[in-house]
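Novice: Right, I'll just put the structure down here and ask away after.
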Amino acid sequence: MNTAKGTVLVSGASIAGPAVAFWLRRHGFAVTVVEKAHGPRGGGYPIDVRGTALEVVRRMGILPRLREAHIETRSLTFLDAEGREVTSVHPQAVVGGVEGSDVEVRRGDLAEILYGATRDDVEYVFGDSIETLAEHENGVDVTFRGGTRRGFDLVVGADGLHSRTRELIFGSEHKFHRYLGYCFAGFTMPNEFGLSREGVVWNTPGRGAALYAVKGSDKVHGFLVAARPEPPRELLRDPEAQRDLVASTFAGDGWEIPVMIAALREADDLFFDTVSQIHLPRWSQGRIGLVGDAAYAPSFLTGQGTSLALVGAYMLARSLSVHRDHADAFAAYEGETRPFAELNQAQVGVGDAALFPVTAEALAQRTKQLRGLGTAAPETGRPAHTALVLPS
């Protein structure tokens with residue numbers, strides 16, 4: 001393997017990790033990706049690639065494959081607490097996307113495509129993770145959970161909202177964690193609702209539920225979202241307690257909520273977390289840098305987590321290839337990318353953030369706004385999505 005530019009350890013093999021590995025390898029680095037899961041993670045909820053990120057995947061050569069995997073959700077129907085239809089709108093009108101340009105795929109499909117594009121010339125180590133990092137003048141000594149010790153020139157944390165890499169260099173997550181007032185549970189369940197290429201969103205003040213049916217699947221993606229004044233941090237490692245919390249929060253609710261709670265109890269792919277953002281004073285320290293949710297998680301309310309991860313991966317790898325000194329490279333990456341990340345984090349107050357109002361008044365206002373959107377797709381996307389022009 002060509003190591004002309006040096007060796008890089010990337011922590012995390014979801015989206016940002018394989019994407020930054022792709023570009024680092026393209027620029028002549030030898031790359032190792034470590035992932036605590038025992039293989040690429042399949043499944044997962046639908047995610048969007050839009051704006052500047054579309055140019056990233058085009059340059060990677062994977063846009064045709066993403067278009068093949070495109071879900072093409074055609075309508076989003078909103079219901080009241082009794083399950084009565086309030087209005088039906090075009091999905092892109094809510095998220096600020098562009099019909100015929102943006103790509104919506106299952107998260108696992110994108111992860112698999114990225115893995116396929118990198119596995120032949122990137123070393124993947126599954127079933128392990130970083131335990132300690134010790135930086136010195138010439139590199140970083142890494143101890144892995146499995147006991148192995150190795151040295152690398154640089155380390156990149158692409159390990160998500162609850163990044164272990166970030167914790168090792170900057171300390172406890174709570175200092176950088178901006179809780180947005182909700183927790184959510186996502187899971188798949190049998191499609192017994194007759195849904196096809198559409199989403200249905202149910203609301204009552206402070207609680208929301210959604211069913212998303214993607215083409216060619218006999219399952220639907222279920223979401224249950226609830227407002228909570230404090231984040232339930234103590235539950236983040238306890239799936240049974242998560243199920244109990246969600247069940248008790250939605251107890252007594254109508255529509256298909258009881259069916260969803262029963263499916264939640266049985267789901268083997270439950271994903272529970274807080275709706276949160278990460279705001280860091282800087283994205284690197286010494287020879288260790290962060291990318292994607294580990295550095296600037298925007299939350300799913302913006303719909304921009306995946307796109308930010310892809311753009312950030314491109315910008316970081318490019319900076320490391322252009323600047324011989326890693327400190328200069330990390331500084332340039334942050335200087336060029338931070339305004340774009342922060343602009344998209346600010347989208348939390350637009351569109352999707354209004355999908356789950358906490359008060360009856362806010363819910364009525366949201367319904368009024370939705371009825372004004374109509375069923376046609378918007379012709380242009382939000383300026384924030386294309387605010388960064390990719391350098392060559």
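Residue numbering restarts at 1 for every chain of the structure tokens, chains are lettered A, B, ... in their displayed order, and ligands are numbered from 1 as they appear.
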Just the residues within 8 Å of region 339-344 of chain A, please, counting only C-alpha atoms, with nothing from its chain fewer than 2 positions along; format it as a ChimeraX atom specification.

Specialist: /A:296,298,302,304,308,335-337,346-348,384-385,387-388

Novice: Got a sec: who's within 8 Å of region 183-193 of chain A, counting only C-alpha atoms, leaving out chain neighbours fewer than 3 positions off, as a list in words?

Specialist: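 Counting only the stated atoms, we get Gly44, Tyr45, Ala213, Asp218, Lys219, Val220, His221, Gly222, Phe223, Leu224, Val225, Ala226, Ala227, Arg228, Pro231, Pro232, Val246, Met260, Ala263, Leu264, Ala267, Asp268, Asp269, Leu270, Phe271, Phe272, Asp273, Thr274 and Val275 of chain A.
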
Novice: Could you dump the residues just selected with N, CA and C atoms as a PDB file, in the first residue's frame?

Specialist:
ATOM      1  N   GLY A  44     -31.351   0.701   8.717  1.00  0.00           N
ATOM      2  CA  GLY A  44     -31.335   2.108   9.091  1.00  0.00           C
ATOM      3  C   GLY A  44     -32.393   2.913   8.370  1.00  0.00           C
ATOM      4  N   TYR A  45     -32.646   4.070   8.898  1.00  0.00           N
ATOM      5  CA  TYR A  45     -33.704   4.946   8.427  1.00  0.00           C
ATOM      6  C   TYR A  45     -33.293   5.643   7.128  1.00  0.00           C
ATOM      7  N   ALA A 213     -42.685   4.318   4.428  1.00  0.00           N
ATOM      8  CA  ALA A 213     -42.653   3.125   3.595  1.00  0.00           C
ATOM      9  C   ALA A 213     -41.779   3.399   2.376  1.00  0.00           C
ATOM     10  N   ASP A 218     -41.252  -4.806   2.410  1.00  0.00           N
ATOM     11  CA  ASP A 218     -42.462  -5.227   3.114  1.00  0.00           C
ATOM     12  C   ASP A 218     -42.448  -4.749   4.558  1.00  0.00           C
ATOM     13  N   LYS A 219     -41.501  -3.856   4.859  1.00  0.00           N
ATOM     14  CA  LYS A 219     -41.421  -3.268   6.200  1.00  0.00           C
ATOM     15  C   LYS A 219     -41.579  -1.755   6.104  1.00  0.00           C
ATOM     16  N   VAL A 220     -41.925  -1.147   7.207  1.00  0.00           N
ATOM     17  CA  VAL A 220     -41.934   0.313   7.284  1.00  0.00           C
ATOM     18  C   VAL A 220     -40.989   0.743   8.400  1.00  0.00           C
ATOM     19  N   HIS A 221     -40.480   1.966   8.281  1.00  0.00           N
ATOM     20  CA  HIS A 221     -39.656   2.556   9.343  1.00  0.00           C
ATOM     21  C   HIS A 221     -40.581   3.284  10.305  1.00  0.00           C
ATOM     22  N   GLY A 222     -40.541   2.907  11.549  1.00  0.00           N
ATOM     23  CA  GLY A 222     -41.340   3.563  12.574  1.00  0.00           C
ATOM     24  C   GLY A 222     -40.491   4.519  13.392  1.00  0.00           C
ATOM     25  N   PHE A 223     -41.052   5.676  13.711  1.00  0.00           N
ATOM     26  CA  PHE A 223     -40.391   6.665  14.577  1.00  0.00           C
ATOM     27  C   PHE A 223     -41.377   7.105  15.645  1.00  0.00           C
ATOM     28  N   LEU A 224     -40.881   7.226  16.850  1.00  0.00           N
ATOM     29  CA  LEU A 224     -41.664   7.803  17.940  1.00  0.00           C
ATOM     30  C   LEU A 224     -40.793   8.877  18.581  1.00  0.00           C
ATOM     31  N   VAL A 225     -41.307  10.090  18.630  1.00  0.00           N
ATOM     32  CA  VAL A 225     -40.542  11.242  19.108  1.00  0.00           C
ATOM     33  C   VAL A 225     -41.312  11.908  20.244  1.00  0.00           C
ATOM     34  N   ALA A 226     -40.622  12.228  21.336  1.00  0.00           N
ATOM     35  CA  ALA A 226     -41.295  12.842  22.480  1.00  0.00           C
ATOM     36  C   ALA A 226     -40.454  13.972  23.047  1.00  0.00           C
ATOM     37  N   ALA A 227     -41.120  15.056  23.409  1.00  0.00           N
ATOM     38  CA  ALA A 227     -40.438  16.167  24.069  1.00  0.00           C
ATOM     39  C   ALA A 227     -40.163  15.793  25.523  1.00  0.00           C
ATOM     40  N   ARG A 228     -38.951  16.075  25.971  1.00  0.00           N
ATOM     41  CA  ARG A 228     -38.566  15.853  27.375  1.00  0.00           C
ATOM     42  C   ARG A 228     -37.688  17.019  27.802  1.00  0.00           C
ATOM     43  N   PRO A 231     -32.465  15.521  28.917  1.00  0.00           N
ATOM     44  CA  PRO A 231     -32.114  14.328  28.137  1.00  0.00           C
ATOM     45  C   PRO A 231     -32.002  13.096  29.040  1.00  0.00           C
ATOM     46  N   PRO A 232     -32.593  11.957  28.641  1.00  0.00           N
ATOM     47  CA  PRO A 232     -32.528  10.738  29.456  1.00  0.00           C
ATOM     48  C   PRO A 232     -31.199  10.010  29.258  1.00  0.00           C
ATOM     49  N   VAL A 246     -40.528   4.833  26.287  1.00  0.00           N
ATOM     50  CA  VAL A 246     -41.341   5.188  25.126  1.00  0.00           C
ATOM     51  C   VAL A 246     -42.770   4.682  25.308  1.00  0.00           C
ATOM     52  N   MET A 260     -47.536   0.306  17.073  1.00  0.00           N
ATOM     53  CA  MET A 260     -46.127   0.694  17.004  1.00  0.00           C
ATOM     54  C   MET A 260     -45.390   0.348  18.285  1.00  0.00           C
ATOM     55  N   ALA A 263     -44.654  -3.281  18.257  1.00  0.00           N
ATOM     56  CA  ALA A 263     -43.545  -3.562  17.340  1.00  0.00           C
ATOM     57  C   ALA A 263     -42.213  -3.122  17.937  1.00  0.00           C
ATOM     58  N   LEU A 264     -42.230  -1.990  18.639  1.00  0.00           N
ATOM     59  CA  LEU A 264     -41.032  -1.497  19.321  1.00  0.00           C
ATOM     60  C   LEU A 264     -40.516  -2.536  20.315  1.00  0.00           C
ATOM     61  N   ALA A 267     -38.776  -5.244  18.237  1.00  0.00           N
ATOM     62  CA  ALA A 267     -37.784  -4.855  17.233  1.00  0.00           C
ATOM     63  C   ALA A 267     -36.368  -5.260  17.642  1.00  0.00           C
ATOM     64  N   ASP A 268     -35.628  -5.801  16.683  1.00  0.00           N
ATOM     65  CA  ASP A 268     -34.225  -6.146  16.952  1.00  0.00           C
ATOM     66  C   ASP A 268     -33.275  -5.086  16.402  1.00  0.00           C
ATOM     67  N   ASP A 269     -33.839  -3.991  15.897  1.00  0.00           N
ATOM     68  CA  ASP A 269     -33.008  -2.925  15.329  1.00  0.00           C
ATOM     69  C   ASP A 269     -33.343  -1.568  15.953  1.00  0.00           C
ATOM     70  N   LEU A 270     -33.786  -1.588  17.205  1.00  0.00           N
ATOM     71  CA  LEU A 270     -34.159  -0.339  17.883  1.00  0.00           C
ATOM     72  C   LEU A 270     -32.972   0.614  17.943  1.00  0.00           C
ATOM     73  N   PHE A 271     -33.227   1.871  17.552  1.00  0.00           N
ATOM     74  CA  PHE A 271     -32.225   2.927  17.685  1.00  0.00           C
ATOM     75  C   PHE A 271     -32.861   4.043  18.505  1.00  0.00           C
ATOM     76  N   PHE A 272     -32.312   4.291  19.686  1.00  0.00           N
ATOM     77  CA  PHE A 272     -32.858   5.297  20.600  1.00  0.00           C
ATOM     78  C   PHE A 272     -31.778   6.332  20.873  1.00  0.00           C
ATOM     79  N   ASP A 273     -32.163   7.605  20.865  1.00  0.00           N
ATOM     80  CA  ASP A 273     -31.175   8.636  21.181  1.00  0.00           C
ATOM     81  C   ASP A 273     -31.890   9.946  21.486  1.00  0.00           C
ATOM     82  N   THR A 274     -31.104  10.909  21.909  1.00  0.00           N
ATOM     83  CA  THR A 274     -31.613  12.261  22.086  1.00  0.00           C
ATOM     84  C   THR A 274     -31.521  12.996  20.751  1.00  0.00           C
ATOM     85  N   VAL A 275     -32.339  14.012  20.567  1.00  0.00           N
ATOM     86  CA  VAL A 275     -32.221  14.905  19.409  1.00  0.00           C
ATOM     87  C   VAL A 275     -31.298  16.033  19.849  1.00  0.00           C
TER      88      VAL A 275
END

Novice: Considering only C-alpha atoms, state which residue in the set A:Ala111, A:Ala53, A:Ala158, A:Ala209 is at the smallest distance from Ala294 (chain A).

Specialist: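 Counting only C-alpha atoms, the residue closest to Ala294 (chain A) is A:Ala158.
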
Novice: Of the candidates A:Val201, A:Val291, A:Lys36, A:His162, which shows the shortest atom-to-atom distance to Leu236 (chain A), using only C-alpha atoms?

Specialist: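 Selected residue with least distance to Leu236 (chain A): A:His162.
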
Novice: When you look at Pro64 (chain A) with a cut-off of 12 Å (counting only C-alpha atoms), what residues show up, excluding the ones that are within fewer than 5 positions of it in the same chain? I need them as a list of chain:residue names.

Specialist: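 My list of contacting residues is A:Leu54, A:Val57, A:Arg58, A:Arg59, A:Ala69, A:His70, A:Ser101, A:Val103, A:Leu110, A:Ile113.
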
Novice: Using only C-alpha atoms, find the one residue out of A:Ser299, A:Thr306, A:Thr367, A:Ser319 that sits nearest to Pro391 (chain A).

Specialist: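 Looking at the shortest contact to Pro391 (chain A), the residue is A:Ser319.
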
Novice: Taking into account only C-alpha atoms, which residue in the set A:Glu361, A:Ile62, A:Val200, A:His326 is nearest to Val8 (chain A)?

Specialist: A:His326

Novice: Would you return as a ChimeraX atom specification the members of region 112-241 of chain A that DSSP assigns to strand (DSSP E or B) on this structure's backbone?

Specialist: /A:123-126,130-136,139-144,149-152,154-157,177-190,198-204,207-213,219-227

Novice: With only C-alpha atoms as the atoms that count, which of A:Ala295, A:Ala360, A:Leu114, A:Val322 lies nearest to Arg164 (chain A)?

Specialist: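 Under the stated criterion, the closest residue is A:Ala295.
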
Novice: Considering only C-alpha atoms, can you say which of A:Ala251, A:Ala297, A:Ile288, A:Leu76 comes closest to Glu135 (chain A)?

Specialist: A:Ile288
